[in-house]
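A quick write-up on the structure given underneath.
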Amino acid sequence: MAEPASTTAAGMLLAKYGIIIAGFAGAILSLTFLQGLTRKQAFWAFFTGFSSAIFCTPLAISFFKLEPGGETQYGVAFLIGLLAMNIIPLLKKALPGVFGGVTGGQ
């Protein structure tokens, strides 16, 4: 008996766009933990988590020598999207010269 078309289509969609969907979900969920943001700050917080999830997932998979299967990639993308906004303030503290604003005179 053949699989229903909707199940097959959903599986193909998840296989192709799974990292994007997981990163999107993680970035949206991270906004629930951030209080007092303006719309602009919320947009950039989301964009940072989302883009970090998309572009850093392959790096994290290879760096930590994880199995490159779909479920692993989706989980890592979700976690990166969720935690990206928590990592950035730590980087700003650790490397103030790199991420800090321009200070001082001429």
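All residue names refer to the structure tokens as shown: chains lettered A, B, ... in order, residues numbered from 1 in each chain, ligands numbered from 1 in order.
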Neighbour list for A:Ala60 as a list in words, cut-off 10 Å, only C-alpha atoms, skip fewer than 5 positions in-chain: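 After dropping sequence-adjacent residues, the list is Ala53, Phe55, Lys65, Leu66, Gln73, Val76, Ala77 and Ile80 of chain A.
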Residue contacts of A:Gly75 (9 Å, only C-alpha atoms) excluding same-chain residues fewer than 5 positions away, as a list of chain:residue names: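 Neighbouring residues, sequence-local ones excluded: A:Ile19, A:Ala22, A:Gly23, A:Gly70, A:Ile80.
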Proximity to A:Ile28 - best of A:Glu71, A:Leu90, A:Ala84, A:Thr8, only C-alpha atoms: A:Ala84
Between atom CA of A:Phe33 and atom CA of A:Phe46 - distance in Å to one decimal: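 That distance, rounded to one decimal, is 11.8 Å.
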Residue set, stretch 3-47 of chain A restricted to helix (DSSP H, G or I), as a PyMOL selection string: chain A and resi 5-31+39-47
Residue with smallest distance to A:Leu82 - pool A:Gly69, A:Ala9, A:Ala27, A:Arg39, counting only C-alpha atoms: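 Ranking A:Gly69, A:Ala9, A:Ala27, A:Arg39 by distance to A:Leu82, first place goes to A:Ala27.
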d(atom CA of A:Ile54, atom CA of A:Ile20) in Å: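 Computing it gives 6.2 Å between the two atoms.
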Exercise: A:Met85 partners within 12 Å, only C-alpha atoms, chain neighbours under 4 positions left out, as a PyMOL selection string: chain A and resi 26-34+41-53+79-81+89-92
Given the selection you just returned, output its residues as a file containing N, CA and C atoms, formatted as a PDB file, in the first residue's frame.
ATOM      1  N   GLY A  26      13.699  27.745  16.748  1.00  0.00           N
ATOM      2  CA  GLY A  26      14.577  28.100  17.864  1.00  0.00           C
ATOM      3  C   GLY A  26      14.706  29.598  18.042  1.00  0.00           C
ATOM      4  N   ALA A  27      14.823  30.328  16.938  1.00  0.00           N
ATOM      5  CA  ALA A  27      14.955  31.783  17.024  1.00  0.00           C
ATOM      6  C   ALA A  27      13.680  32.427  17.547  1.00  0.00           C
ATOM      7  N   ILE A  28      12.516  31.941  17.095  1.00  0.00           N
ATOM      8  CA  ILE A  28      11.243  32.471  17.596  1.00  0.00           C
ATOM      9  C   ILE A  28      11.085  32.170  19.085  1.00  0.00           C
ATOM     10  N   LEU A  29      11.428  30.962  19.473  1.00  0.00           N
ATOM     11  CA  LEU A  29      11.309  30.593  20.883  1.00  0.00           C
ATOM     12  C   LEU A  29      12.247  31.422  21.750  1.00  0.00           C
ATOM     13  N   SER A  30      13.414  31.782  21.238  1.00  0.00           N
ATOM     14  CA  SER A  30      14.350  32.585  22.032  1.00  0.00           C
ATOM     15  C   SER A  30      13.777  33.960  22.353  1.00  0.00           C
ATOM     16  N   LEU A  31      12.888  34.464  21.483  1.00  0.00           N
ATOM     17  CA  LEU A  31      12.289  35.770  21.745  1.00  0.00           C
ATOM     18  C   LEU A  31      11.398  35.759  22.980  1.00  0.00           C
ATOM     19  N   THR A  32      10.863  34.592  23.345  1.00  0.00           N
ATOM     20  CA  THR A  32      10.013  34.530  24.535  1.00  0.00           C
ATOM     21  C   THR A  32      10.818  34.736  25.810  1.00  0.00           C
ATOM     22  N   PHE A  33      12.136  34.520  25.746  1.00  0.00           N
ATOM     23  CA  PHE A  33      12.981  34.688  26.925  1.00  0.00           C
ATOM     24  C   PHE A  33      13.545  36.101  27.041  1.00  0.00           C
ATOM     25  N   LEU A  34      13.466  36.876  25.979  1.00  0.00           N
ATOM     26  CA  LEU A  34      14.011  38.223  25.973  1.00  0.00           C
ATOM     27  C   LEU A  34      12.883  39.209  26.244  1.00  0.00           C
ATOM     28  N   GLN A  41      14.809  45.658  17.805  1.00  0.00           N
ATOM     29  CA  GLN A  41      15.683  44.764  18.553  1.00  0.00           C
ATOM     30  C   GLN A  41      15.196  43.320  18.463  1.00  0.00           C
ATOM     31  N   ALA A  42      13.882  43.116  18.518  1.00  0.00           N
ATOM     32  CA  ALA A  42      13.331  41.767  18.396  1.00  0.00           C
ATOM     33  C   ALA A  42      13.618  41.189  17.019  1.00  0.00           C
ATOM     34  N   PHE A  43      13.489  42.021  15.970  1.00  0.00           N
ATOM     35  CA  PHE A  43      13.795  41.552  14.623  1.00  0.00           C
ATOM     36  C   PHE A  43      15.247  41.118  14.528  1.00  0.00           C
ATOM     37  N   TRP A  44      16.159  41.947  15.026  1.00  0.00           N
ATOM     38  CA  TRP A  44      17.575  41.603  14.927  1.00  0.00           C
ATOM     39  C   TRP A  44      17.932  40.417  15.806  1.00  0.00           C
ATOM     40  N   ALA A  45      17.261  40.281  16.947  1.00  0.00           N
ATOM     41  CA  ALA A  45      17.480  39.102  17.786  1.00  0.00           C
ATOM     42  C   ALA A  45      17.053  37.844  17.042  1.00  0.00           C
ATOM     43  N   PHE A  46      15.878  37.899  16.407  1.00  0.00           N
ATOM     44  CA  PHE A  46      15.415  36.764  15.617  1.00  0.00           C
ATOM     45  C   PHE A  46      16.364  36.487  14.466  1.00  0.00           C
ATOM     46  N   PHE A  47      16.737  37.532  13.715  1.00  0.00           N
ATOM     47  CA  PHE A  47      17.604  37.362  12.549  1.00  0.00           C
ATOM     48  C   PHE A  47      18.949  36.763  12.943  1.00  0.00           C
ATOM     49  N   THR A  48      19.487  37.191  14.079  1.00  0.00           N
ATOM     50  CA  THR A  48      20.762  36.655  14.545  1.00  0.00           C
ATOM     51  C   THR A  48      20.655  35.174  14.857  1.00  0.00           C
ATOM     52  N   GLY A  49      19.629  34.779  15.598  1.00  0.00           N
ATOM     53  CA  GLY A  49      19.447  33.363  15.916  1.00  0.00           C
ATOM     54  C   GLY A  49      19.173  32.517  14.691  1.00  0.00           C
ATOM     55  N   PHE A  50      18.343  33.033  13.791  1.00  0.00           N
ATOM     56  CA  PHE A  50      17.981  32.305  12.585  1.00  0.00           C
ATOM     57  C   PHE A  50      19.178  32.121  11.663  1.00  0.00           C
ATOM     58  N   SER A  51      19.907  33.194  11.399  1.00  0.00           N
ATOM     59  CA  SER A  51      21.052  33.089  10.497  1.00  0.00           C
ATOM     60  C   SER A  51      22.185  32.293  11.131  1.00  0.00           C
ATOM     61  N   SER A  52      22.362  32.415  12.432  1.00  0.00           N
ATOM     62  CA  SER A  52      23.375  31.600  13.111  1.00  0.00           C
ATOM     63  C   SER A  52      23.055  30.118  12.988  1.00  0.00           C
ATOM     64  N   ALA A  53      21.784  29.781  13.134  1.00  0.00           N
ATOM     65  CA  ALA A  53      21.381  28.371  13.015  1.00  0.00           C
ATOM     66  C   ALA A  53      21.637  27.836  11.623  1.00  0.00           C
ATOM     67  N   LEU A  79      18.895  24.244  18.573  1.00  0.00           N
ATOM     68  CA  LEU A  79      19.640  24.718  19.740  1.00  0.00           C
ATOM     69  C   LEU A  79      20.455  25.970  19.429  1.00  0.00           C
ATOM     70  N   ILE A  80      21.070  26.015  18.255  1.00  0.00           N
ATOM     71  CA  ILE A  80      21.831  27.213  17.893  1.00  0.00           C
ATOM     72  C   ILE A  80      20.888  28.402  17.758  1.00  0.00           C
ATOM     73  N   GLY A  81      19.743  28.203  17.110  1.00  0.00           N
ATOM     74  CA  GLY A  81      18.773  29.291  16.993  1.00  0.00           C
ATOM     75  C   GLY A  81      18.271  29.767  18.339  1.00  0.00           C
ATOM     76  N   PRO A  89      25.865  38.098  24.016  1.00  0.00           N
ATOM     77  CA  PRO A  89      26.291  38.938  25.142  1.00  0.00           C
ATOM     78  C   PRO A  89      27.552  38.409  25.832  1.00  0.00           C
ATOM     79  N   LEU A  90      27.722  37.087  25.864  1.00  0.00           N
ATOM     80  CA  LEU A  90      28.948  36.528  26.445  1.00  0.00           C
ATOM     81  C   LEU A  90      30.168  36.884  25.600  1.00  0.00           C
ATOM     82  N   LEU A  91      30.026  36.845  24.294  1.00  0.00           N
ATOM     83  CA  LEU A  91      31.130  37.230  23.417  1.00  0.00           C
ATOM     84  C   LEU A  91      31.453  38.711  23.567  1.00  0.00           C
ATOM     85  N   LYS A  92      30.421  39.542  23.728  1.00  0.00           N
ATOM     86  CA  LYS A  92      30.649  40.972  23.907  1.00  0.00           C
ATOM     87  C   LYS A  92      31.416  41.242  25.198  1.00  0.00           C
TER      88      LYS A  92
END
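When atom CA of A:Ile21 is paired with atom CA of A:Tyr74, their separation reads 8.2 Å.
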